[in-house]
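A quick write-up on the structure given underneath.
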Amino acid sequence: MNIVLFDGETYFSRGDARYQHIKKILHKRKSDSFQAGVINGSEGEASITSMDDQGLSFVFTPTRPMRPLHPLIAVIGFPRPIQLKRILRDLASLGVSAVWLTGTELGEKSYRESTLVDRGAAREGLLEGCMQAG
C-alpha cells in the first residue's frame with residue numbers, strides 16, 4: 001500500500017486493514033505522517049493525532065488535486081468471479097479510466113450473474129489497486 005485512501009472519515013478502527021497496515025507495516029505512531037488521499041479527490045499527507053489498540057485518528061492536509069486517469073478503457077469478457085477481483089485490482093493500479101465487462105458467445109454465462117459487484121468486492125479490488133499504485 002503506497003497511499004492510504006479514505007472516504008472522508010478521519011478514524012480507522014482496529015479491524016480496518018488500513019489501521020493494520022499503518023501500525024504493523026509502516027510502524028507509524030502518534031504524530032507521524034503517511035501518504036493519504038480522498039477517494040475521487042485530492043492527495044496529501046495525514047498526520048496521526050491519536051493512536052491506541054482500538055484505532056487511530058488523523059488530520060488530512062491536501063497537497064495536490066486528483067491526478068487525471070489515463071485515457072484507456074479496458075473491454076474484457078466476463079472472467080471467473082475470483083479472477084475478476086484480481087483483474088480489477090491490476091487495472092486500477094495501472095490507472096485505467098474505465099472497465100467494460102461484456103458477455104461473449106463462448107464465455108460462461110453464469111459468470112455474468114456473479115454477486116461480486118453487489119457484495120462490494122469489485123470496489124474493494126479497485127481500491128486495493130489504487131492504494132498499491134500510490
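Residues in the C-alpha cells are named by chain (A, B, ... in the order shown) and by number from 1 within that chain; ligands are numbered from 1 in the order shown.
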I want to know what sits within 12 Å of Lys28 of chain A, based on only C-alpha atoms, with residues of the same chain fewer than 2 positions away left out; could you give that as a list in words?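 With the cut-off at 12 Å, the set is Arg18, Tyr19, Gln20, His21, Ile22, Lys23, Lys24, Ile25, Leu26, Lys30, Ser31, Asp32, Ser33, Phe34, Gln35, Ala46, Ser47, Ile48, Thr49, Ser50, Met51, Asp52, Leu56 and Phe58 of chain A.
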Writer output for current selection, C-alpha atoms, as a short mmCIF file (atom, residue, chain, number, x, y, z; two decimals), in the first residue's frame:
data_model
loop_
_atom_site.label_atom_id
_atom_site.label_comp_id
_atom_site.auth_asym_id
_atom_site.auth_seq_id
_atom_site.Cartn_x
_atom_site.Cartn_y
_atom_site.Cartn_z
CA ARG A 18 -5.65 0.42 6.72
CA TYR A 19 -5.14 0.64 10.50
CA GLN A 20 -3.29 -2.68 10.48
CA HIS A 21 -1.07 -1.54 7.60
CA ILE A 22 -0.23 1.81 9.21
CA LYS A 23 0.61 0.16 12.53
CA LYS A 24 2.29 -3.11 11.55
CA ILE A 25 3.85 -2.42 8.14
CA LEU A 26 4.59 1.31 8.23
CA LYS A 30 1.15 9.31 17.16
CA SER A 31 2.41 12.49 15.44
CA ASP A 32 3.81 10.50 12.48
CA SER A 33 2.59 11.17 8.93
CA PHE A 34 1.70 8.97 5.98
CA GLN A 35 0.63 9.49 2.37
CA ALA A 46 -2.23 12.56 7.00
CA SER A 47 -0.85 13.20 10.49
CA ILE A 48 -1.82 10.81 13.25
CA THR A 49 -3.42 12.72 16.13
CA SER A 50 -4.17 9.72 18.35
CA MET A 51 -3.44 6.02 18.17
CA ASP A 52 -4.19 3.16 20.54
CA LEU A 56 -6.31 5.79 15.09
CA PHE A 58 -5.70 11.61 11.82
#
Considering only C-alpha atoms, return as a ChimeraX atom specification whatever protein or nucleic-acid residues lie within 7 Å of Trp100 of chain A, sequence-local ones (same chain, fewer than 6 positions apart) excluded. /A:74-76
For the selection just defined, write its residues with N, CA and C atoms to a file, as a PDB file, in the first residue's frame.
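And here is the file that came out, result_8.pdb:
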ATOM      1  N   ALA A  74     -10.566  -0.534 -20.745  1.00  0.00           N
ATOM      2  CA  ALA A  74     -10.353  -1.971 -20.900  1.00  0.00           C
ATOM      3  C   ALA A  74     -11.702  -2.638 -21.149  1.00  0.00           C
ATOM      4  N   VAL A  75     -11.796  -3.382 -22.230  1.00  0.00           N
ATOM      5  CA  VAL A  75     -13.004  -4.142 -22.552  1.00  0.00           C
ATOM      6  C   VAL A  75     -12.637  -5.612 -22.420  1.00  0.00           C
ATOM      7  N   ILE A  76     -13.284  -6.294 -21.480  1.00  0.00           N
ATOM      8  CA  ILE A  76     -12.952  -7.702 -21.258  1.00  0.00           C
ATOM      9  C   ILE A  76     -14.227  -8.527 -21.141  1.00  0.00           C
TER      10      ILE A  76
END
Tell me, which residues of segment 3-128 of chain A carry DSSP helix (DSSP H, G or I), written as a PyMOL selection string? chain A and resi 17-25+81-94+109-113+116-119+121-128
Could those selected residues go to a file with N, CA and C atoms, as a short mmCIF file (atom, residue, chain, number, x, y, z; two decimals), in the first residue's frame?
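Final output, result26.cif:
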data_model
loop_
_atom_site.label_atom_id
_atom_site.label_comp_id
_atom_site.auth_asym_id
_atom_site.auth_seq_id
_atom_site.Cartn_x
_atom_site.Cartn_y
_atom_site.Cartn_z
N ALA A 17 -8.24 -2.75 7.66
CA ALA A 17 -6.95 -3.15 7.07
C ALA A 17 -5.99 -1.97 6.98
N ARG A 18 -6.51 -0.77 6.80
CA ARG A 18 -5.65 0.42 6.72
C ARG A 18 -4.98 0.68 8.07
N TYR A 19 -5.72 0.50 9.16
CA TYR A 19 -5.14 0.64 10.50
C TYR A 19 -4.01 -0.38 10.69
N GLN A 20 -4.30 -1.62 10.34
CA GLN A 20 -3.29 -2.68 10.48
C GLN A 20 -2.04 -2.36 9.67
N HIS A 21 -2.22 -1.86 8.46
CA HIS A 21 -1.07 -1.54 7.60
C HIS A 21 -0.25 -0.39 8.19
N ILE A 22 -0.92 0.65 8.64
CA ILE A 22 -0.23 1.81 9.21
C ILE A 22 0.55 1.41 10.46
N LYS A 23 -0.03 0.56 11.27
CA LYS A 23 0.61 0.16 12.53
C LYS A 23 1.69 -0.89 12.34
N LYS A 24 1.38 -1.97 11.61
CA LYS A 24 2.29 -3.11 11.55
C LYS A 24 3.30 -3.07 10.40
N ILE A 25 2.94 -2.46 9.29
CA ILE A 25 3.85 -2.42 8.14
C ILE A 25 4.64 -1.11 8.12
N PRO A 81 -15.47 -15.09 -11.32
CA PRO A 81 -15.58 -14.02 -10.32
C PRO A 81 -14.32 -13.79 -9.50
N ILE A 82 -13.64 -14.84 -9.07
CA ILE A 82 -12.44 -14.66 -8.26
C ILE A 82 -11.34 -13.98 -9.08
N GLN A 83 -11.30 -14.26 -10.37
CA GLN A 83 -10.30 -13.62 -11.22
C GLN A 83 -10.67 -12.17 -11.49
N LEU A 84 -11.96 -11.87 -11.52
CA LEU A 84 -12.41 -10.51 -11.80
C LEU A 84 -11.87 -9.54 -10.75
N LYS A 85 -11.90 -9.93 -9.50
CA LYS A 85 -11.40 -9.05 -8.44
C LYS A 85 -9.91 -8.74 -8.67
N ARG A 86 -9.14 -9.75 -9.03
CA ARG A 86 -7.71 -9.55 -9.29
C ARG A 86 -7.48 -8.68 -10.52
N ILE A 87 -8.27 -8.92 -11.56
CA ILE A 87 -8.14 -8.13 -12.79
C ILE A 87 -8.47 -6.67 -12.50
N LEU A 88 -9.54 -6.42 -11.76
CA LEU A 88 -9.90 -5.04 -11.42
C LEU A 88 -8.80 -4.37 -10.60
N ARG A 89 -8.22 -5.10 -9.66
CA ARG A 89 -7.13 -4.55 -8.86
C ARG A 89 -5.96 -4.15 -9.74
N ASP A 90 -5.58 -5.03 -10.67
CA ASP A 90 -4.44 -4.75 -11.54
C ASP A 90 -4.73 -3.60 -12.50
N LEU A 91 -5.93 -3.55 -13.05
CA LEU A 91 -6.29 -2.46 -13.96
C LEU A 91 -6.31 -1.13 -13.23
N ALA A 92 -6.81 -1.12 -12.01
CA ALA A 92 -6.83 0.12 -11.22
C ALA A 92 -5.41 0.59 -10.91
N SER A 93 -4.52 -0.34 -10.63
CA SER A 93 -3.14 0.05 -10.33
C SER A 93 -2.43 0.62 -11.55
N LEU A 94 -2.90 0.27 -12.73
CA LEU A 94 -2.34 0.82 -13.97
C LEU A 94 -2.95 2.18 -14.34
N LYS A 109 -21.89 -18.25 -19.12
CA LYS A 109 -22.99 -17.31 -18.86
C LYS A 109 -23.21 -17.05 -17.36
N SER A 110 -22.91 -18.03 -16.53
CA SER A 110 -23.14 -17.86 -15.09
C SER A 110 -22.20 -16.80 -14.49
N TYR A 111 -21.07 -16.52 -15.13
CA TYR A 111 -20.14 -15.52 -14.61
C TYR A 111 -20.80 -14.14 -14.60
N ARG A 112 -21.71 -13.89 -15.53
CA ARG A 112 -22.38 -12.59 -15.61
C ARG A 112 -23.36 -12.38 -14.46
N GLU A 113 -23.72 -13.45 -13.79
CA GLU A 113 -24.67 -13.37 -12.68
C GLU A 113 -23.98 -13.32 -11.32
N LEU A 116 -20.43 -10.40 -7.19
CA LEU A 116 -19.21 -9.69 -6.83
C LEU A 116 -19.45 -8.19 -6.68
N VAL A 117 -20.15 -7.60 -7.62
CA VAL A 117 -20.40 -6.16 -7.57
C VAL A 117 -21.38 -5.84 -6.45
N ASP A 118 -22.41 -6.65 -6.29
CA ASP A 118 -23.41 -6.42 -5.24
C ASP A 118 -22.80 -6.48 -3.84
N ARG A 119 -21.84 -7.35 -3.64
CA ARG A 119 -21.22 -7.51 -2.32
C ARG A 119 -20.18 -6.44 -2.03
N ALA A 121 -17.21 -6.37 -3.44
CA ALA A 121 -15.87 -6.91 -3.65
C ALA A 121 -15.19 -6.27 -4.85
N ALA A 122 -15.95 -5.87 -5.85
CA ALA A 122 -15.36 -5.21 -7.01
C ALA A 122 -14.77 -3.87 -6.59
N ARG A 123 -15.50 -3.12 -5.81
CA ARG A 123 -15.00 -1.83 -5.32
C ARG A 123 -13.75 -2.04 -4.47
N GLU A 124 -13.78 -3.07 -3.64
CA GLU A 124 -12.64 -3.39 -2.80
C GLU A 124 -11.40 -3.67 -3.65
N GLY A 125 -11.56 -4.44 -4.73
CA GLY A 125 -10.45 -4.73 -5.62
C GLY A 125 -9.92 -3.47 -6.29
N LEU A 126 -10.82 -2.60 -6.71
CA LEU A 126 -10.41 -1.34 -7.34
C LEU A 126 -9.63 -0.46 -6.35
N LEU A 127 -10.11 -0.38 -5.12
CA LEU A 127 -9.42 0.42 -4.12
C LEU A 127 -8.05 -0.15 -3.78
N GLU A 128 -7.94 -1.47 -3.69
CA GLU A 128 -6.65 -2.10 -3.43
C GLU A 128 -5.64 -1.72 -4.51
#
I'd like the contact shell of Gln132 of chain A - 8 Å cut-off, only C-alpha atoms, skipping same-chain residues fewer than 5 positions apart - returned as a PDB file with N, CA and C atoms, in the first residue's frame.
ATOM      1  N   MET A   1       0.851  -1.163   0.000  1.00  0.00           N
ATOM      2  CA  MET A   1       0.000   0.000   0.000  1.00  0.00           C
ATOM      3  C   MET A   1       0.905   1.236   0.000  1.00  0.00           C
ATOM      4  N   ASN A   2       0.847   2.009  -1.064  1.00  0.00           N
ATOM      5  CA  ASN A   2       1.690   3.190  -1.175  1.00  0.00           C
ATOM      6  C   ASN A   2       0.967   4.477  -0.823  1.00  0.00           C
ATOM      7  N   ILE A   3      -0.339   4.430  -0.780  1.00  0.00           N
ATOM      8  CA  ILE A   3      -1.152   5.564  -0.347  1.00  0.00           C
ATOM      9  C   ILE A   3      -2.388   4.988   0.345  1.00  0.00           C
ATOM     10  N   SER A  93      -4.515  -0.343 -10.633  1.00  0.00           N
ATOM     11  CA  SER A  93      -3.137   0.050 -10.329  1.00  0.00           C
ATOM     12  C   SER A  93      -2.427   0.619 -11.552  1.00  0.00           C
TER      13      SER A  93
END
Kindly indicate which residue among A:Phe78, A:Leu101, A:Leu5, A:Pro65 lies nearest to Ile39 of chain A, using only C-alpha atoms for the distances. A:Leu5
Using Å and a single decimal, report how far atom CA of Leu72 of chain A sits from atom CA of Leu106 of chain A.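 Atom-to-atom, atom CA of Leu106 of chain A to atom CA of Leu72 of chain A, that is 25.4 Å.
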